[in-house]
file query.txt (compact mmCIF, C-alpha atoms)
# COMPACT_ATOMS: atom_id res chain seq x y z
CA MET A 160 76.72 89.33 79.75
CA LYS A 161 78.86 91.69 77.68
CA SER A 162 82.45 90.72 77.01
CA VAL A 163 85.17 92.19 79.21
CA GLU A 164 86.79 93.49 76.06
CA SER A 165 83.78 95.61 75.04
CA ASN A 166 83.33 96.87 78.62
CA LEU A 167 87.02 97.76 78.73
CA GLN A 168 86.75 99.75 75.53
CA ILE A 169 83.96 101.91 77.02
CA ILE A 170 85.86 102.43 80.28
CA LYS A 171 89.06 103.40 78.46
CA GLU A 172 87.17 105.94 76.36
CA LYS A 173 85.61 107.48 79.47
CA ILE A 174 89.00 107.63 81.20
CA ALA A 175 90.55 109.25 78.12
CA LYS A 176 87.77 111.86 78.08
CA ALA A 177 88.18 112.59 81.80
CA CYS A 178 91.95 112.95 81.35
CA GLU A 179 91.55 115.24 78.36
CA LYS A 180 89.22 117.46 80.38
CA VAL A 181 91.91 118.15 82.98
CA GLY A 182 95.02 117.90 80.81
CA ARG A 183 96.24 114.50 82.00
CA ASP A 184 97.69 111.60 80.05
CA SER A 185 95.37 108.57 80.17
CA GLN A 186 98.48 106.34 80.24
CA ASP A 187 98.93 107.50 83.83
CA VAL A 188 95.73 105.73 84.92
CA THR A 189 95.88 102.00 85.67
CA ILE A 190 92.70 99.94 85.62
CA ILE A 191 92.40 97.26 88.29
CA ALA A 192 89.76 94.64 87.47
CA VAL A 193 88.07 93.83 90.75
CA THR A 194 87.41 90.12 90.29
CA LYS A 195 86.12 89.32 93.78
CA TYR A 196 82.62 88.30 92.65
CA VAL A 197 83.45 86.61 89.38
CA THR A 198 84.72 83.25 88.19
CA ILE A 199 88.29 82.35 87.34
CA ALA A 200 87.18 82.12 83.68
CA ARG A 201 85.98 85.72 83.79
CA ALA A 202 89.27 86.82 85.38
CA GLN A 203 91.10 85.02 82.57
CA GLU A 204 88.94 86.89 80.07
CA ALA A 205 90.07 90.16 81.66
CA LEU A 206 93.71 89.09 81.27
CA ARG A 207 93.13 88.21 77.60
CA ALA A 208 91.52 91.62 77.08
CA GLY A 209 94.75 93.21 78.32
CA VAL A 210 93.89 94.03 81.93
CA ILE A 211 96.86 92.69 83.86
CA HIS A 212 95.97 94.18 87.25
CA LEU A 213 93.50 92.11 89.27
CA GLY A 214 92.07 93.08 92.65
CA GLU A 215 90.76 90.74 95.33
CA ASN A 216 89.46 91.63 98.78
CA ARG A 217 89.44 88.23 100.49
CA ASP A 218 92.43 86.01 101.07
CA GLN A 219 90.71 82.72 100.21
CA GLU A 220 89.39 84.09 96.92
CA LEU A 221 92.82 85.44 95.99
CA LEU A 222 94.48 82.10 96.80
CA LYS A 223 91.89 80.20 94.76
CA LYS A 224 92.51 82.36 91.69
CA TYR A 225 96.26 82.41 92.28
CA GLU A 226 96.33 78.62 92.09
CA VAL A 227 95.15 78.82 88.49
CA LEU A 228 96.53 82.18 87.31
CA GLY A 229 99.78 82.25 89.26
CA ASN A 230 101.75 85.47 88.87
CA GLN A 231 100.42 86.15 85.38
CA PRO A 232 98.39 89.09 86.78
CA VAL A 233 99.68 91.90 88.97
CA TRP A 234 97.79 91.11 92.19
CA HIS A 235 96.23 93.83 94.33
CA PHE A 236 94.81 93.05 97.75
CA ILE A 237 92.12 95.70 98.14
CA GLY A 238 90.11 94.54 101.15
CA THR A 239 90.57 94.83 104.86
CA LEU A 240 93.56 92.70 105.75
CA GLN A 241 93.61 90.92 109.08
CA THR A 242 97.09 90.69 110.57
CA ARG A 243 96.90 86.89 110.87
CA LYS A 244 96.09 86.55 107.15
CA VAL A 245 99.21 88.40 105.98
CA LYS A 246 101.40 85.30 105.85
CA LYS A 247 98.95 83.56 103.49
CA ILE A 248 99.07 86.19 100.75
CA ILE A 249 102.30 88.14 101.21
CA ASP A 250 104.39 86.25 98.65
CA LYS A 251 101.59 86.46 96.06
CA VAL A 252 100.53 90.11 96.09
CA ASP A 253 102.22 93.07 94.45
CA PHE A 254 100.13 95.81 96.09
CA ILE A 255 98.22 96.09 99.37
CA HIS A 256 95.61 98.87 99.35
CA SER A 257 94.46 98.72 102.96
CA LEU A 258 97.33 99.55 105.32
CA ASP A 259 95.73 101.37 108.25
CA ARG A 260 97.56 100.36 111.44
CA LEU A 261 101.07 99.77 112.79
CA SER A 262 100.44 96.13 113.72
CA LEU A 263 99.67 95.42 110.06
CA ALA A 264 102.80 97.26 108.85
CA GLU A 265 104.85 95.27 111.33
CA GLU A 266 103.41 91.96 110.14
CA ILE A 267 103.93 92.83 106.45
CA ASP A 268 107.52 93.78 107.22
CA LYS A 269 108.12 90.57 109.15
CA ARG A 270 106.57 88.22 106.58
CA ALA A 271 107.78 89.79 103.34
CA ASN A 272 111.10 88.93 101.72
CA ARG A 273 111.00 92.00 99.48
CA LYS A 274 109.56 95.50 99.49
CA ILE A 275 105.75 95.46 99.31
CA SER A 276 103.99 98.40 97.65
CA CYS A 277 101.38 99.62 100.11
CA PHE A 278 98.62 102.21 100.00
CA VAL A 279 97.55 103.79 103.27
CA GLN A 280 93.78 103.57 103.48
CA VAL A 281 92.14 106.85 104.41
CA ASN A 282 88.55 107.29 105.54
CA VAL A 283 88.05 110.71 103.99
CA SER A 284 84.26 110.68 104.27
CA GLY A 285 84.28 109.82 107.98
CA GLU A 286 81.60 107.17 107.47
CA GLU A 287 81.55 104.66 110.31
CA SER A 288 81.02 101.77 107.90
CA LYS A 289 84.34 102.45 106.19
CA HIS A 290 87.81 101.38 107.26
CA GLY A 291 90.87 103.59 107.13
CA LEU A 292 92.58 106.34 109.06
CA PRO A 293 91.02 109.76 109.54
CA PRO A 294 92.89 112.27 107.33
CA GLU A 295 94.52 114.08 110.26
CA GLU A 296 96.20 110.84 111.43
CA VAL A 297 97.74 109.90 108.08
CA VAL A 298 100.95 111.97 108.17
CA PRO A 299 101.87 110.99 111.76
CA PHE A 300 101.12 107.35 110.86
CA ILE A 301 103.37 107.40 107.80
CA GLN A 302 106.15 109.06 109.79
CA GLN A 303 106.12 106.04 112.11
CA LEU A 304 106.75 103.57 109.26
CA ALA A 305 110.42 104.41 108.68
CA MET A 306 111.62 101.34 110.58
CA TYR A 307 109.81 98.83 108.33
CA ALA A 308 112.22 98.14 105.47
CA ASN A 309 109.78 95.97 103.49
CA VAL A 310 106.93 98.48 103.55
CA GLU A 311 106.94 101.09 100.81
CA ILE A 312 104.15 103.65 100.83
CA VAL A 313 103.45 104.12 97.14
CA GLY A 314 100.23 106.04 97.68
CA LEU A 315 96.90 106.58 99.39
CA MET A 316 93.58 104.80 98.94
CA THR A 317 90.03 105.83 99.73
CA MET A 318 86.46 104.83 99.06
CA ALA A 319 84.06 107.68 98.40
CA PRO A 320 80.53 107.61 99.79
CA PHE A 321 78.04 105.80 97.55
CA VAL A 322 76.12 108.93 96.53
CA LYS A 323 75.03 110.62 93.32
CA ASP A 324 76.10 114.09 94.49
CA GLU A 325 79.10 114.94 92.34
CA GLN A 326 80.35 117.66 94.67
CA ILE A 327 80.56 115.29 97.64
CA LEU A 328 82.58 112.86 95.51
CA ARG A 329 84.88 115.59 94.22
CA ASN A 330 85.54 116.91 97.71
CA CYS A 331 86.40 113.42 98.88
CA PHE A 332 88.89 112.80 96.06
CA ARG A 333 90.35 116.31 96.35
CA SER A 334 91.02 115.83 100.05
CA LEU A 335 92.99 112.68 99.27
CA LYS A 336 94.97 114.51 96.57
CA GLN A 337 95.79 117.30 99.04
CA LEU A 338 96.95 114.75 101.58
CA GLN A 339 99.15 113.14 98.93
CA ASN A 340 100.79 116.53 98.27
CA ASP A 341 101.45 116.96 102.01
CA ILE A 342 103.17 113.57 102.18
CA GLN A 343 105.22 114.13 99.04
CA ASN A 344 106.47 117.41 100.52
CA LEU A 345 107.96 115.45 103.42
CA LYS A 346 110.27 113.70 100.90
CA LEU A 347 110.40 110.47 102.87
CA PRO A 348 112.47 107.87 100.95
CA TYR A 349 110.17 105.00 102.02
CA ALA A 350 106.98 106.93 101.17
CA PRO A 351 107.18 108.39 97.65
CA CYS A 352 103.37 108.45 97.64
CA THR A 353 103.12 108.94 93.88
CA GLU A 354 99.84 107.00 93.49
CA LEU A 355 96.18 107.53 94.34
CA SER A 356 93.90 104.50 94.42
CA MET A 357 90.40 105.95 94.21
CA GLY A 358 87.33 105.58 92.04
CA MET A 359 85.13 102.56 91.38
CA SER A 360 82.48 101.64 88.81
CA ASN A 361 80.11 104.43 89.84
CA ASP A 362 82.59 107.31 90.23
CA TYR A 363 85.88 106.54 88.45
CA GLU A 364 85.54 109.35 85.89
CA ILE A 365 85.34 111.97 88.65
CA ALA A 366 88.20 110.26 90.49
CA VAL A 367 90.35 110.44 87.34
CA GLU A 368 89.57 114.14 86.92
CA GLU A 369 90.72 114.63 90.51
CA GLY A 370 94.01 112.75 90.12
CA ALA A 371 93.41 108.99 90.52
CA THR A 372 96.24 106.85 89.16
CA PHE A 373 94.61 103.49 89.99
CA VAL A 374 90.87 102.88 89.57
CA ARG A 375 89.28 99.75 91.02
CA ILE A 376 86.53 98.62 88.67
CA GLY A 377 84.37 95.56 89.18
CA THR A 378 80.77 95.67 87.96
CA SER A 379 81.32 97.89 84.90
CA LEU A 380 84.23 95.79 83.72
CA VAL A 381 83.80 92.15 84.70
CA GLY A 382 80.17 92.21 85.88
CA GLU A 383 78.57 91.18 89.16
call {"tool": "encode", "arguments": {"input": "query.txt", "output": "structure tokens"}}
result
Amino acid sequence: MKSVESNLQIIKEKIAKACEKVGRDSQDVTIIAVTKYVTIARAQEALRAGVIHLGENRDQELLKKYEVLGNQPVWHFIGTLQTRKVKKIIDKVDFIHSLDRLSLAEEIDKRANRKISCFVQVNVSGEESKHGLPPEEVVPFIQQLAMYANVEIVGLMTMAPFVKDEQILRNCFRSLKQLQNDIQNLKLPYAPCTELSMGMSNDYEIAVEEGATFVRIGTSLVGE
């Protein structure tokens, strides 16, 4: 298995190239190492390589790694979050990428003792297998979040379909970018919506070209 450091080098070069193509600064793109399938040792290797953002999608896996790594990494919860699991992880995570319902916002607000940076998950592709709100429900949903003082909507998150067709991927990421613009135009103090969490191992270069500020990379970075 290749070292995280050498994988990271390749990914950074590809991100830099994608940014250059569209006139962006590669410093504006944050790499999240998705460590859900790898050992604590491999996660530590990612930290040593300079990746400080780690993403987990299951509460028990996050808690297991947190026991060893503590708050050394910036923790991202990127999976579907059940309301009853919020209390287990809320004081350990920095970002939640899967806010998609009011009951979850309410629970985050109730359990947190500080503002939690949240991404609203959007199902842009409309695939039944994917979680998230349909695009047309996102603005009304965000407008309902004003009462939750501990919930800050820093951005939007989506997962593109797992396809090779570049145009389908681009359309998906563009739709999310457009939605972000719509929300920013509302100028809601609790929803600055400056970030876009989109792009994974198979499509992050396209996502970066279309405006991603966080890319969630597992296989290409830390392996299976």
call {"tool": "closest_residue", "arguments": {"input": "query.txt", "among": "A:Val310, A:Val233, A:Cys352, A:Leu315", "to": "A:Glu266", "atoms": "all atoms listed in the file"}}
result
A:Val310
call {"tool": "closest_residue", "arguments": {"input": "query.txt", "among": "A:Gln219, A:Asn272, A:Ser262, A:Ser360", "to": "A:Ser379", "atoms": "all atoms listed in the file"}}
result
A:Ser360
call {"tool": "residues_around", "arguments": {"input": "query.txt", "residues": "A:Met160", "least_positions_apart": "6", "cutoff": "10 Å", "atoms": "only C-alpha atoms", "output": "PyMOL selection string"}}
result
chain A and resi 381-383
call {"tool": "closest_residue", "arguments": {"input": "query.txt", "among": "A:Val188, A:Ile376, A:Ile249, A:Cys178", "to": "A:Val163", "atoms": "only C-alpha atoms"}}
result
A:Ile376
call {"tool": "residues_near_point", "arguments": {"input": "query.txt", "point": "(92.0, 107.6, 90.4)", "cutoff": "12 Å", "atoms": "all atoms listed in the file", "output": "number ranges by chain"}}
result
A: 174, 177-178, 183, 185, 187-191, 314-319, 328-329, 331-333, 335-336, 353-360, 362-376
call {"tool": "write_last_selection", "arguments": {"input": "query.txt", "atoms": "C-alpha atoms", "output": "compact mmCIF listing (two decimals), in the frame of the given file"}}
result
# COMPACT_ATOMS: atom_id res chain seq x y z
CA ILE A 174 89.00 107.63 81.20
CA ALA A 177 88.18 112.59 81.80
CA CYS A 178 91.95 112.95 81.35
CA ARG A 183 96.24 114.50 82.00
CA SER A 185 95.37 108.57 80.17
CA ASP A 187 98.93 107.50 83.83
CA VAL A 188 95.73 105.73 84.92
CA THR A 189 95.88 102.00 85.67
CA ILE A 190 92.70 99.94 85.62
CA ILE A 191 92.40 97.26 88.29
CA GLY A 314 100.23 106.04 97.68
CA LEU A 315 96.90 106.58 99.39
CA MET A 316 93.58 104.80 98.94
CA THR A 317 90.03 105.83 99.73
CA MET A 318 86.46 104.83 99.06
CA ALA A 319 84.06 107.68 98.40
CA LEU A 328 82.58 112.86 95.51
CA ARG A 329 84.88 115.59 94.22
CA CYS A 331 86.40 113.42 98.88
CA PHE A 332 88.89 112.80 96.06
CA ARG A 333 90.35 116.31 96.35
CA LEU A 335 92.99 112.68 99.27
CA LYS A 336 94.97 114.51 96.57
CA THR A 353 103.12 108.94 93.88
CA GLU A 354 99.84 107.00 93.49
CA LEU A 355 96.18 107.53 94.34
CA SER A 356 93.90 104.50 94.42
CA MET A 357 90.40 105.95 94.21
CA GLY A 358 87.33 105.58 92.04
CA MET A 359 85.13 102.56 91.38
CA SER A 360 82.48 101.64 88.81
CA ASP A 362 82.59 107.31 90.23
CA TYR A 363 85.88 106.54 88.45
CA GLU A 364 85.54 109.35 85.89
CA ILE A 365 85.34 111.97 88.65
CA ALA A 366 88.20 110.26 90.49
CA VAL A 367 90.35 110.44 87.34
CA GLU A 368 89.57 114.14 86.92
CA GLU A 369 90.72 114.63 90.51
CA GLY A 370 94.01 112.75 90.12
CA ALA A 371 93.41 108.99 90.52
CA THR A 372 96.24 106.85 89.16
CA PHE A 373 94.61 103.49 89.99
CA VAL A 374 90.87 102.88 89.57
CA ARG A 375 89.28 99.75 91.02
CA ILE A 376 86.53 98.62 88.67
call {"tool": "residues_around", "arguments": {"input": "query.txt", "residues": "stretch 290-296 of chain A", "least_positions_apart": "2", "cutoff": "6 Å", "atoms": "only C-alpha atoms", "output": "MDAnalysis selection string"}}
result
chainID A and resid 259 280:282 298:299
call {"tool": "atom_distance", "arguments": {"input": "query.txt", "atom1": "atom CA of A:Ile199", "atom2": "atom CA of A:Gly377"}}
result
13.9 Å
call {"tool": "atom_distance", "arguments": {"input": "query.txt", "atom1": "atom CA of A:Leu304", "atom2": "atom CA of A:Asn330"}}
result
27.6 Å
call {"tool": "closest_residue", "arguments": {"input": "query.txt", "among": "A:Leu380, A:Val283, A:Ala308, A:Leu222", "to": "A:Arg201", "atoms": "all atoms listed in the file"}}
result
A:Leu380
call {"tool": "atom_distance", "arguments": {"input": "query.txt", "atom1": "atom CA of A:Tyr196", "atom2": "atom CA of A:Asp218"}}
result
13.1 Å
call {"tool": "closest_residue", "arguments": {"input": "query.txt", "among": "A:Ile248, A:Ile169, A:Ile301, A:Ala200", "to": "A:Leu345", "atoms": "all atoms listed in the file"}}
result
A:Ile301
call {"tool": "closest_residue", "arguments": {"input": "query.txt", "among": "A:Leu261, A:Gln339, A:Gln241, A:Thr378", "to": "A:Ala192", "atoms": "all atoms listed in the file"}}
result
A:Thr378
call {"tool": "decode", "arguments": {"input": "query.txt", "residues": "stretch 189-203 of chain A", "atoms": "all heavy atoms", "output": "short mmCIF file (atom, residue, chain, number, x, y, z; two decimals), in the first residue's frame"}}
result
data_model
loop_
_atom_site.label_atom_id
_atom_site.label_comp_id
_atom_site.auth_asym_id
_atom_site.auth_seq_id
_atom_site.Cartn_x
_atom_site.Cartn_y
_atom_site.Cartn_z
N THR A 189 -10.12 22.35 0.89
CA THR A 189 -9.68 21.56 2.05
C THR A 189 -9.91 20.07 1.78
O THR A 189 -11.01 19.68 1.36
CB THR A 189 -10.48 21.97 3.31
OG1 THR A 189 -10.24 23.36 3.55
CG2 THR A 189 -10.05 21.17 4.53
N ILE A 190 -8.88 19.28 2.03
CA ILE A 190 -8.99 17.83 1.84
C ILE A 190 -9.41 17.19 3.16
O ILE A 190 -8.76 17.37 4.18
CB ILE A 190 -7.64 17.24 1.36
CG1 ILE A 190 -7.27 17.81 -0.01
CG2 ILE A 190 -7.69 15.71 1.33
CD1 ILE A 190 -5.83 17.52 -0.43
N ILE A 191 -10.50 16.44 3.10
CA ILE A 191 -10.92 15.63 4.25
C ILE A 191 -10.51 14.19 3.96
O ILE A 191 -10.93 13.62 2.94
CB ILE A 191 -12.44 15.68 4.47
CG1 ILE A 191 -12.94 17.11 4.68
CG2 ILE A 191 -12.85 14.80 5.65
CD1 ILE A 191 -14.46 17.25 4.63
N ALA A 192 -9.70 13.60 4.82
CA ALA A 192 -9.37 12.19 4.67
C ALA A 192 -10.51 11.37 5.27
O ALA A 192 -10.79 11.46 6.45
CB ALA A 192 -8.05 11.86 5.38
N VAL A 193 -11.17 10.61 4.42
CA VAL A 193 -12.27 9.77 4.89
C VAL A 193 -11.67 8.47 5.42
O VAL A 193 -11.21 7.63 4.66
CB VAL A 193 -13.29 9.51 3.77
CG1 VAL A 193 -14.41 8.60 4.26
CG2 VAL A 193 -13.87 10.84 3.27
N THR A 194 -11.64 8.35 6.74
CA THR A 194 -10.90 7.26 7.38
C THR A 194 -11.81 6.12 7.85
O THR A 194 -11.40 5.26 8.62
CB THR A 194 -10.10 7.81 8.58
OG1 THR A 194 -10.98 8.61 9.40
CG2 THR A 194 -8.96 8.69 8.13
N LYS A 195 -13.04 6.10 7.33
CA LYS A 195 -14.04 5.15 7.87
C LYS A 195 -13.65 3.68 7.69
O LYS A 195 -14.07 2.84 8.46
CB LYS A 195 -15.41 5.43 7.25
CG LYS A 195 -15.48 5.29 5.73
CD LYS A 195 -16.86 5.63 5.22
CE LYS A 195 -16.93 5.53 3.70
NZ LYS A 195 -18.24 5.85 3.17
N TYR A 196 -12.86 3.35 6.67
CA TYR A 196 -12.53 1.94 6.45
C TYR A 196 -11.11 1.58 6.86
O TYR A 196 -10.64 0.49 6.60
CB TYR A 196 -12.71 1.57 4.97
CG TYR A 196 -14.12 1.70 4.47
CD1 TYR A 196 -14.43 2.46 3.34
CD2 TYR A 196 -15.19 1.07 5.14
CE1 TYR A 196 -15.73 2.59 2.88
CE2 TYR A 196 -16.49 1.20 4.70
CZ TYR A 196 -16.76 1.96 3.56
OH TYR A 196 -18.05 2.09 3.13
N VAL A 197 -10.40 2.52 7.45
CA VAL A 197 -8.99 2.25 7.72
C VAL A 197 -8.67 2.25 9.21
O VAL A 197 -9.46 2.71 10.03
CB VAL A 197 -8.06 3.27 6.98
CG1 VAL A 197 -8.29 3.21 5.48
CG2 VAL A 197 -8.26 4.69 7.49
N THR A 198 -7.50 1.76 9.54
CA THR A 198 -7.08 1.63 10.93
C THR A 198 -6.73 2.98 11.54
O THR A 198 -6.51 3.96 10.83
CB THR A 198 -5.83 0.74 11.02
OG1 THR A 198 -4.79 1.38 10.25
CG2 THR A 198 -6.08 -0.66 10.48
N ILE A 199 -6.63 2.98 12.86
CA ILE A 199 -6.21 4.18 13.58
C ILE A 199 -4.79 4.56 13.14
O ILE A 199 -4.47 5.73 12.95
CB ILE A 199 -6.31 3.96 15.10
CG1 ILE A 199 -7.79 3.88 15.51
CG2 ILE A 199 -5.61 5.09 15.88
CD1 ILE A 199 -8.06 3.44 16.92
N ALA A 200 -3.94 3.54 12.92
CA ALA A 200 -2.56 3.80 12.49
C ALA A 200 -2.52 4.54 11.15
O ALA A 200 -1.72 5.46 10.95
CB ALA A 200 -1.79 2.49 12.38
N ARG A 201 -3.43 4.15 10.26
CA ARG A 201 -3.47 4.80 8.94
C ARG A 201 -3.99 6.25 9.09
O ARG A 201 -3.53 7.15 8.41
CB ARG A 201 -4.36 3.99 8.01
CG ARG A 201 -4.28 4.35 6.53
CD ARG A 201 -2.97 3.99 5.87
NE ARG A 201 -3.09 4.11 4.41
CZ ARG A 201 -2.06 4.14 3.56
NH1 ARG A 201 -0.83 4.01 4.02
NH2 ARG A 201 -2.24 4.26 2.27
N ALA A 202 -4.93 6.45 9.98
CA ALA A 202 -5.44 7.80 10.25
C ALA A 202 -4.31 8.66 10.83
O ALA A 202 -4.16 9.84 10.47
CB ALA A 202 -6.62 7.75 11.22
N GLN A 203 -3.50 8.07 11.70
CA GLN A 203 -2.36 8.80 12.27
C GLN A 203 -1.34 9.16 11.18
O GLN A 203 -0.74 10.23 11.21
CB GLN A 203 -1.68 7.95 13.36
CG GLN A 203 -2.49 7.91 14.65
CD GLN A 203 -1.97 6.88 15.64
OE1 GLN A 203 -1.61 5.77 15.28
NE2 GLN A 203 -1.93 7.26 16.91
#
